[in-house]
$ cat model.pdb   # PDB, N, CA and C atoms
ATOM      1  N   MET O   1      12.900   5.467  15.780
ATOM      2  CA  MET O   1      12.862   6.090  14.467
ATOM      3  C   MET O   1      12.087   5.190  13.510
ATOM      4  N   ALA O   2      11.310   5.774  12.634
ATOM      5  CA  ALA O   2      10.494   5.013  11.687
ATOM      6  C   ALA O   2      11.378   4.412  10.604
ATOM      7  N   LYS O   3      10.965   3.256  10.132
ATOM      8  CA  LYS O   3      11.696   2.589   9.065
ATOM      9  C   LYS O   3      11.452   3.312   7.751
ATOM     10  N   ALA O   4      12.436   3.235   6.856
ATOM     11  CA  ALA O   4      12.239   3.766   5.505
ATOM     12  C   ALA O   4      11.193   2.893   4.816
ATOM     13  N   LYS O   5      10.491   3.477   3.833
ATOM     14  CA  LYS O   5       9.438   2.730   3.145
ATOM     15  C   LYS O   5       9.967   1.429   2.554
ATOM     16  N   GLU O   6      11.219   1.458   2.048
ATOM     17  CA  GLU O   6      11.778   0.258   1.445
ATOM     18  C   GLU O   6      11.952  -0.866   2.460
ATOM     19  N   GLU O   7      12.076  -0.528   3.735
ATOM     20  CA  GLU O   7      12.276  -1.521   4.774
ATOM     21  C   GLU O   7      10.954  -1.982   5.387
ATOM     22  N   LEU O   8       9.869  -1.258   5.088
ATOM     23  CA  LEU O   8       8.570  -1.617   5.639
ATOM     24  C   LEU O   8       7.974  -2.797   4.898
ATOM     25  N   SER O   9       7.343  -3.671   5.643
ATOM     26  CA  SER O   9       6.559  -4.702   4.977
ATOM     27  C   SER O   9       5.210  -4.080   4.630
ATOM     28  N   PHE O  10       4.478  -4.731   3.767
ATOM     29  CA  PHE O  10       3.148  -4.253   3.404
ATOM     30  C   PHE O  10       2.278  -4.139   4.648
ATOM     31  N   GLU O  11       2.361  -5.156   5.508
ATOM     32  CA  GLU O  11       1.543  -5.176   6.721
ATOM     33  C   GLU O  11       1.890  -4.032   7.663
ATOM     34  N   GLU O  12       3.195  -3.732   7.807
ATOM     35  CA  GLU O  12       3.609  -2.620   8.660
ATOM     36  C   GLU O  12       3.110  -1.289   8.101
ATOM     37  N   ALA O  13       3.199  -1.131   6.779
ATOM     38  CA  ALA O  13       2.730   0.103   6.151
ATOM     39  C   ALA O  13       1.229   0.267   6.351
ATOM     40  N   MET O  14       0.478  -0.817   6.193
ATOM     41  CA  MET O  14      -0.969  -0.750   6.393
ATOM     42  C   MET O  14      -1.300  -0.400   7.843
ATOM     43  N   GLU O  15      -0.554  -0.967   8.778
ATOM     44  CA  GLU O  15      -0.780  -0.689  10.200
ATOM     45  C   GLU O  15      -0.541   0.791  10.498
ATOM     46  N   GLN O  16       0.540   1.340   9.944
ATOM     47  CA  GLN O  16       0.824   2.765  10.143
ATOM     48  C   GLN O  16      -0.270   3.619   9.510
ATOM     49  N   LEU O  17      -0.706   3.230   8.323
ATOM     50  CA  LEU O  17      -1.758   3.968   7.628
ATOM     51  C   LEU O  17      -3.055   3.956   8.431
ATOM     52  N   GLU O  18      -3.404   2.811   8.978
ATOM     53  CA  GLU O  18      -4.612   2.714   9.808
ATOM     54  C   GLU O  18      -4.504   3.609  11.041
ATOM     55  N   GLY O  19      -3.319   3.671  11.645
ATOM     56  CA  GLY O  19      -3.110   4.530  12.803
ATOM     57  C   GLY O  19      -3.293   6.004  12.451
ATOM     58  N   ILE O  20      -2.788   6.392  11.288
ATOM     59  CA  ILE O  20      -2.945   7.777  10.841
ATOM     60  C   ILE O  20      -4.406   8.101  10.607
ATOM     61  N   VAL O  21      -5.119   7.195   9.964
ATOM     62  CA  VAL O  21      -6.543   7.413   9.697
ATOM     63  C   VAL O  21      -7.304   7.580  11.014
ATOM     64  N   GLU O  22      -7.004   6.735  11.992
ATOM     65  CA  GLU O  22      -7.679   6.845  13.291
ATOM     66  C   GLU O  22      -7.434   8.196  13.935
ATOM     67  N   LYS O  23      -6.182   8.673  13.895
ATOM     68  CA  LYS O  23      -5.854   9.968  14.495
ATOM     69  C   LYS O  23      -6.588  11.096  13.784
ATOM     70  N   LEU O  24      -6.619  11.037  12.458
ATOM     71  CA  LEU O  24      -7.293  12.091  11.700
ATOM     72  C   LEU O  24      -8.802  12.057  11.910
ATOM     73  N   GLU O  25      -9.366  10.861  12.064
ATOM     74  CA  GLU O  25     -10.805  10.746  12.278
ATOM     75  C   GLU O  25     -11.221  11.280  13.644
ATOM     76  N   GLU O  26     -10.318  11.255  14.610
ATOM     77  CA  GLU O  26     -10.625  11.804  15.935
ATOM     78  C   GLU O  26     -10.914  13.300  15.854
ATOM     79  N   GLY O  27     -10.278  13.983  14.899
ATOM     80  CA  GLY O  27     -10.550  15.392  14.682
ATOM     81  C   GLY O  27      -9.939  16.341  15.685
ATOM     82  N   GLU O  28      -9.116  15.863  16.577
ATOM     83  CA  GLU O  28      -8.535  16.733  17.606
ATOM     84  C   GLU O  28      -7.047  16.977  17.362
ATOM     85  N   VAL O  29      -6.630  16.848  16.104
ATOM     86  CA  VAL O  29      -5.233  17.042  15.741
ATOM     87  C   VAL O  29      -5.065  18.477  15.232
ATOM     88  N   PRO O  30      -4.039  19.202  15.706
ATOM     89  CA  PRO O  30      -3.799  20.552  15.181
ATOM     90  C   PRO O  30      -3.577  20.501  13.664
ATOM     91  N   LEU O  31      -3.944  21.565  12.982
ATOM     92  CA  LEU O  31      -3.885  21.602  11.525
ATOM     93  C   LEU O  31      -2.518  21.221  10.977
ATOM     94  N   GLU O  32      -1.458  21.778  11.542
ATOM     95  CA  GLU O  32      -0.110  21.485  11.039
ATOM     96  C   GLU O  32       0.208  19.995  11.160
ATOM     97  N   LYS O  33      -0.151  19.412  12.284
ATOM     98  CA  LYS O  33       0.095  17.983  12.497
ATOM     99  C   LYS O  33      -0.802  17.148  11.573
ATOM    100  N   ALA O  34      -2.040  17.589  11.369
ATOM    101  CA  ALA O  34      -2.951  16.882  10.469
ATOM    102  C   ALA O  34      -2.397  16.853   9.052
ATOM    103  N   LEU O  35      -1.795  17.957   8.617
ATOM    104  CA  LEU O  35      -1.190  17.999   7.282
ATOM    105  C   LEU O  35      -0.011  17.035   7.180
ATOM    106  N   GLN O  36       0.779  16.948   8.242
ATOM    107  CA  GLN O  36       1.898  16.000   8.261
ATOM    108  C   GLN O  36       1.378  14.559   8.204
ATOM    109  N   PHE O  37       0.339  14.281   8.995
ATOM    110  CA  PHE O  37      -0.257  12.946   8.979
ATOM    111  C   PHE O  37      -0.807  12.623   7.595
ATOM    112  N   TYR O  38      -1.489  13.592   7.002
ATOM    113  CA  TYR O  38      -2.082  13.381   5.679
ATOM    114  C   TYR O  38      -1.001  13.069   4.651
ATOM    115  N   GLN O  39       0.088  13.842   4.655
ATOM    116  CA  GLN O  39       1.170  13.622   3.707
ATOM    117  C   GLN O  39       1.784  12.231   3.897
ATOM    118  N   LYS O  40       2.059  11.863   5.134
ATOM    119  CA  LYS O  40       2.621  10.541   5.425
ATOM    120  C   LYS O  40       1.638   9.448   5.000
ATOM    121  N   GLY O  41       0.351   9.676   5.253
ATOM    122  CA  GLY O  41      -0.671   8.713   4.856
ATOM    123  C   GLY O  41      -0.722   8.523   3.349
ATOM    124  N   MET O  42      -0.581   9.601   2.608
ATOM    125  CA  MET O  42      -0.588   9.496   1.147
ATOM    126  C   MET O  42       0.630   8.719   0.651
ATOM    127  N   GLU O  43       1.778   8.943   1.277
ATOM    128  CA  GLU O  43       2.988   8.202   0.908
ATOM    129  C   GLU O  43       2.809   6.713   1.195
ATOM    130  N   LEU O  44       2.261   6.392   2.363
ATOM    131  CA  LEU O  44       2.033   4.993   2.724
ATOM    132  C   LEU O  44       0.993   4.361   1.800
ATOM    133  N   SER O  45      -0.031   5.111   1.458
ATOM    134  CA  SER O  45      -1.067   4.615   0.565
ATOM    135  C   SER O  45      -0.475   4.271  -0.803
ATOM    136  N   LYS O  46       0.371   5.149  -1.330
ATOM    137  CA  LYS O  46       1.011   4.890  -2.627
ATOM    138  C   LYS O  46       1.908   3.666  -2.540
ATOM    139  N   TYR O  47       2.670   3.565  -1.457
ATOM    140  CA  TYR O  47       3.552   2.404  -1.268
ATOM    141  C   TYR O  47       2.741   1.103  -1.256
ATOM    142  N   CYS O  48       1.631   1.104  -0.521
ATOM    143  CA  CYS O  48       0.780  -0.091  -0.449
ATOM    144  C   CYS O  48       0.165  -0.405  -1.810
ATOM    145  N   HIS O  49      -0.306   0.618  -2.494
ATOM    146  CA  HIS O  49      -0.906   0.440  -3.817
ATOM    147  C   HIS O  49       0.117  -0.138  -4.793
ATOM    148  N   ASP O  50       1.321   0.431  -4.801
ATOM    149  CA  ASP O  50       2.370  -0.057  -5.691
ATOM    150  C   ASP O  50       2.760  -1.493  -5.354
ATOM    151  N   THR O  51       2.820  -1.806  -4.059
ATOM    152  CA  THR O  51       3.163  -3.165  -3.630
ATOM    153  C   THR O  51       2.103  -4.154  -4.094
ATOM    154  N   LEU O  52       0.837  -3.785  -3.963
ATOM    155  CA  LEU O  52      -0.245  -4.657  -4.425
ATOM    156  C   LEU O  52      -0.213  -4.833  -5.934
ATOM    157  N   ASN O  53       0.060  -3.763  -6.674
ATOM    158  CA  ASN O  53       0.150  -3.874  -8.135
ATOM    159  C   ASN O  53       1.280  -4.800  -8.546
ATOM    160  N   LYS O  54       2.410  -4.686  -7.863
ATOM    161  CA  LYS O  54       3.553  -5.558  -8.162
ATOM    162  C   LYS O  54       3.199  -7.021  -7.887
ATOM    163  N   ALA O  55       2.532  -7.258  -6.765
ATOM    164  CA  ALA O  55       2.126  -8.628  -6.425
ATOM    165  C   ALA O  55       1.136  -9.161  -7.451
ATOM    166  N   GLU O  56       0.213  -8.320  -7.894
ATOM    167  CA  GLU O  56      -0.772  -8.756  -8.890
ATOM    168  C   GLU O  56      -0.084  -9.140 -10.201
ATOM    169  N   LYS O  57       0.912  -8.345 -10.618
ATOM    170  CA  LYS O  57       1.640  -8.659 -11.848
ATOM    171  C   LYS O  57       2.373  -9.990 -11.720
ATOM    172  N   GLN O  58       2.943 -10.238 -10.540
ATOM    173  CA  GLN O  58       3.640 -11.503 -10.321
ATOM    174  C   GLN O  58       2.665 -12.675 -10.369
ATOM    175  N   LEU O  59       1.473 -12.470  -9.819
ATOM    176  CA  LEU O  59       0.490 -13.551  -9.779
ATOM    177  C   LEU O  59      -0.142 -13.835 -11.144
ATOM    178  N   THR O  60      -0.081 -12.852 -12.051
ATOM    179  CA  THR O  60      -0.697 -13.068 -13.356
ATOM    180  C   THR O  60       0.196 -13.871 -14.297
ATOM    181  N   LYS O  61       1.401 -14.201 -13.860
ATOM    182  CA  LYS O  61       2.285 -15.033 -14.674
ATOM    183  C   LYS O  61       2.258 -16.467 -14.149
ATOM    184  N   MET O  62       1.999 -17.370 -15.034
ATOM    185  CA  MET O  62       2.023 -18.794 -14.664
ATOM    186  C   MET O  62       3.162 -19.476 -15.404
ATOM    187  N   ILE O  63       3.799 -20.382 -14.733
ATOM    188  CA  ILE O  63       4.835 -21.167 -15.373
ATOM    189  C   ILE O  63       4.179 -22.431 -15.957
ATOM    190  N   THR O  64       4.365 -22.613 -17.237
ATOM    191  CA  THR O  64       3.819 -23.788 -17.909
ATOM    192  C   THR O  64       4.971 -24.577 -18.528
ATOM    193  N   ASP O  65       4.666 -25.693 -19.134
ATOM    194  CA  ASP O  65       5.689 -26.492 -19.797
ATOM    195  C   ASP O  65       6.346 -25.712 -20.934
ATOM    196  N   GLU O  66       5.626 -24.790 -21.529
ATOM    197  CA  GLU O  66       6.150 -24.013 -22.654
ATOM    198  C   GLU O  66       6.804 -22.712 -22.209
ATOM    199  N   GLY O  67       6.839 -22.415 -20.931
ATOM    200  CA  GLY O  67       7.407 -21.168 -20.429
ATOM    201  C   GLY O  67       6.367 -20.369 -19.686
ATOM    202  N   GLU O  68       6.575 -19.072 -19.657
ATOM    203  CA  GLU O  68       5.645 -18.214 -18.948
ATOM    204  C   GLU O  68       4.416 -17.937 -19.790
ATOM    205  N   LYS O  69       3.291 -17.960 -19.157
ATOM    206  CA  LYS O  69       2.029 -17.645 -19.808
ATOM    207  C   LYS O  69       1.320 -16.632 -18.925
ATOM    208  N   THR O  70       0.821 -15.565 -19.517
ATOM    209  CA  THR O  70       0.109 -14.569 -18.732
ATOM    210  C   THR O  70      -1.387 -14.779 -18.887
ATOM    211  N   PHE O  71      -2.110 -14.377 -17.877
ATOM    212  CA  PHE O  71      -3.560 -14.441 -17.919
ATOM    213  C   PHE O  71      -4.110 -13.234 -17.190
ATOM    214  N   ASP O  72      -5.348 -12.907 -17.462
ATOM    215  CA  ASP O  72      -5.983 -11.743 -16.853
ATOM    216  C   ASP O  72      -6.778 -12.160 -15.630
ATOM    217  N   ILE O  73      -6.716 -11.305 -14.618
ATOM    218  CA  ILE O  73      -7.555 -11.484 -13.439
ATOM    219  C   ILE O  73      -8.732 -10.537 -13.612
ATOM    220  N   LYS O  74      -9.928 -11.087 -13.642
ATOM    221  CA  LYS O  74     -11.115 -10.257 -13.796
ATOM    222  C   LYS O  74     -11.564  -9.820 -12.428
ATOM    223  N   GLU O  75     -11.721  -8.504 -12.280
ATOM    224  CA  GLU O  75     -12.163  -7.959 -11.004
ATOM    225  C   GLU O  75     -13.683  -8.030 -10.930
ATOM    226  N   GLU O  76     -14.164  -8.345  -9.733
ATOM    227  CA  GLU O  76     -15.609  -8.388  -9.530
ATOM    228  C   GLU O  76     -16.132  -6.977  -9.437
ATOM    229  N   GLU O  77     -17.318  -6.766  -9.953
ATOM    230  CA  GLU O  77     -17.921  -5.434  -9.913
ATOM    231  C   GLU O  77     -18.889  -5.327  -8.764
TER     232      GLU O  77
END

$ encode --input "model.pdb" --output "structure tokens"
Amino acid sequence: MAKAKEELSFEEAMEQLEGIVEKLEEGEVPLEKALQFYQKGMELSKYCHDTLNKAEKQLTKMITDEGEKTFDIKEEE
């Protein structure tokens, strides 16, 4: 039985997502099953995205002598 999203690590969720993408890219999945894969993939994608956002927020806080200080991470274009 598959683990609940709360029990999945980020790496496990990404691995499952990659497996779904591979199956869908093969193109030999019946429509009903493809829709199930797509829905599960979207759920895993959101979970991974939310996990990354949470990690980014944690990383943007630095502990200094005066307490917490936030800083911005500039994304490369």

$ residues_around --input "model.pdb" --residues "O:Leu17" --least-positions-apart "4" --cutoff "8 Å" --atoms "all atoms listed in the file" --output "list in words"
Glu11, Glu12, Ala13, Val21, Glu22, Lys23, Lys40, Gly41, Met42, Leu44 and Ser45 of chain O

$ write_last_selection --input "model.pdb" --atoms "N, CA and C atoms" --output "mmCIF file, keeping the file's coordinate frame"
data_model
loop_
_atom_site.group_PDB
_atom_site.id
_atom_site.type_symbol
_atom_site.label_atom_id
_atom_site.label_comp_id
_atom_site.auth_asym_id
_atom_site.auth_seq_id
_atom_site.Cartn_x
_atom_site.Cartn_y
_atom_site.Cartn_z
ATOM 1 N N GLU O 11 2.361 -5.156 5.508
ATOM 2 C CA GLU O 11 1.543 -5.176 6.721
ATOM 3 C C GLU O 11 1.890 -4.032 7.663
ATOM 4 N N GLU O 12 3.195 -3.732 7.807
ATOM 5 C CA GLU O 12 3.609 -2.620 8.660
ATOM 6 C C GLU O 12 3.110 -1.289 8.101
ATOM 7 N N ALA O 13 3.199 -1.131 6.779
ATOM 8 C CA ALA O 13 2.730 0.103 6.151
ATOM 9 C C ALA O 13 1.229 0.267 6.351
ATOM 10 N N VAL O 21 -5.119 7.195 9.964
ATOM 11 C CA VAL O 21 -6.543 7.413 9.697
ATOM 12 C C VAL O 21 -7.304 7.580 11.014
ATOM 13 N N GLU O 22 -7.004 6.735 11.992
ATOM 14 C CA GLU O 22 -7.679 6.845 13.291
ATOM 15 C C GLU O 22 -7.434 8.196 13.935
ATOM 16 N N LYS O 23 -6.182 8.673 13.895
ATOM 17 C CA LYS O 23 -5.854 9.968 14.495
ATOM 18 C C LYS O 23 -6.588 11.096 13.784
ATOM 19 N N LYS O 40 2.059 11.863 5.134
ATOM 20 C CA LYS O 40 2.621 10.541 5.425
ATOM 21 C C LYS O 40 1.638 9.448 5.000
ATOM 22 N N GLY O 41 0.351 9.676 5.253
ATOM 23 C CA GLY O 41 -0.671 8.713 4.856
ATOM 24 C C GLY O 41 -0.722 8.523 3.349
ATOM 25 N N MET O 42 -0.581 9.601 2.608
ATOM 26 C CA MET O 42 -0.588 9.496 1.147
ATOM 27 C C MET O 42 0.630 8.719 0.651
ATOM 28 N N LEU O 44 2.261 6.392 2.363
ATOM 29 C CA LEU O 44 2.033 4.993 2.724
ATOM 30 C C LEU O 44 0.993 4.361 1.800
ATOM 31 N N SER O 45 -0.031 5.111 1.458
ATOM 32 C CA SER O 45 -1.067 4.615 0.565
ATOM 33 C C SER O 45 -0.475 4.271 -0.803
#

$ atom_distance --input "model.pdb" --atom1 "atom CA of O:Leu8" --atom2 "atom CA of O:Leu59"
21.1 Å

$ atom_distance --input "model.pdb" --atom1 "atom CA of O:Glu43" --atom2 "atom CA of O:Ile73"
26.5 Å

$ atom_distance --input "model.pdb" --atom1 "atom CA of O:Phe10" --atom2 "atom N of O:Cys48"
6.8 Å

$ closest_residue --input "model.pdb" --among "O:Asn53, O:Gln58, O:Ser9, O:Ile20" --to "O:Tyr38" --atoms "all atoms listed in the file"
O:Ile20

$ axis_aligned_box --input "model.pdb" --around "stretch 35-51 of chain O" --padding-each-side "3 Å" --output "AutoDock Vina command-line options"
--center_x 0.7 --center_y 6.9 --center_z 1.7 --size_x 11.6 --size_y 28.2 --size_z 20.7

$ select_by_dssp --input "model.pdb" --residues "stretch 3-51 of chain O" --states "helix (DSSP H, G or I)" --output "PyMOL selection string"
chain O and resi 5-7+10-26+31-51

$ build_atoms --input "model.pdb" --residues "stretch 43-58 of chain O" --atoms "N, CA, C and O atoms" --output "compact mmCIF listing (two decimals), in the coordinates of the input"
# COMPACT_ATOMS: atom_id res chain seq x y z
N GLU O 43 1.78 8.94 1.28
CA GLU O 43 2.99 8.20 0.91
C GLU O 43 2.81 6.71 1.20
O GLU O 43 3.16 5.86 0.37
N LEU O 44 2.26 6.39 2.36
CA LEU O 44 2.03 4.99 2.72
C LEU O 44 0.99 4.36 1.80
O LEU O 44 1.14 3.20 1.38
N SER O 45 -0.03 5.11 1.46
CA SER O 45 -1.07 4.62 0.56
C SER O 45 -0.48 4.27 -0.80
O SER O 45 -0.77 3.22 -1.38
N LYS O 46 0.37 5.15 -1.33
CA LYS O 46 1.01 4.89 -2.63
C LYS O 46 1.91 3.67 -2.54
O LYS O 46 1.91 2.82 -3.43
N TYR O 47 2.67 3.56 -1.46
CA TYR O 47 3.55 2.40 -1.27
C TYR O 47 2.74 1.10 -1.26
O TYR O 47 3.10 0.14 -1.92
N CYS O 48 1.63 1.10 -0.52
CA CYS O 48 0.78 -0.09 -0.45
C CYS O 48 0.16 -0.40 -1.81
O CYS O 48 0.13 -1.56 -2.24
N HIS O 49 -0.31 0.62 -2.49
CA HIS O 49 -0.91 0.44 -3.82
C HIS O 49 0.12 -0.14 -4.79
O HIS O 49 -0.18 -1.08 -5.53
N ASP O 50 1.32 0.43 -4.80
CA ASP O 50 2.37 -0.06 -5.69
C ASP O 50 2.76 -1.49 -5.35
O ASP O 50 3.00 -2.31 -6.25
N THR O 51 2.82 -1.81 -4.06
CA THR O 51 3.16 -3.16 -3.63
C THR O 51 2.10 -4.15 -4.09
O THR O 51 2.43 -5.24 -4.59
N LEU O 52 0.84 -3.78 -3.96
CA LEU O 52 -0.24 -4.66 -4.42
C LEU O 52 -0.21 -4.83 -5.93
O LEU O 52 -0.44 -5.95 -6.44
N ASN O 53 0.06 -3.76 -6.67
CA ASN O 53 0.15 -3.87 -8.14
C ASN O 53 1.28 -4.80 -8.55
O ASN O 53 1.13 -5.60 -9.46
N LYS O 54 2.41 -4.69 -7.86
CA LYS O 54 3.55 -5.56 -8.16
C LYS O 54 3.20 -7.02 -7.89
O LYS O 54 3.50 -7.90 -8.68
N ALA O 55 2.53 -7.26 -6.76
CA ALA O 55 2.13 -8.63 -6.42
C ALA O 55 1.14 -9.16 -7.45
O ALA O 55 1.22 -10.32 -7.86
N GLU O 56 0.21 -8.32 -7.89
CA GLU O 56 -0.77 -8.76 -8.89
C GLU O 56 -0.08 -9.14 -10.20
O GLU O 56 -0.41 -10.16 -10.81
N LYS O 57 0.91 -8.35 -10.62
CA LYS O 57 1.64 -8.66 -11.85
C LYS O 57 2.37 -9.99 -11.72
O LYS O 57 2.42 -10.77 -12.66
N GLN O 58 2.94 -10.24 -10.54
CA GLN O 58 3.64 -11.50 -10.32
C GLN O 58 2.66 -12.68 -10.37
O GLN O 58 2.98 -13.74 -10.88
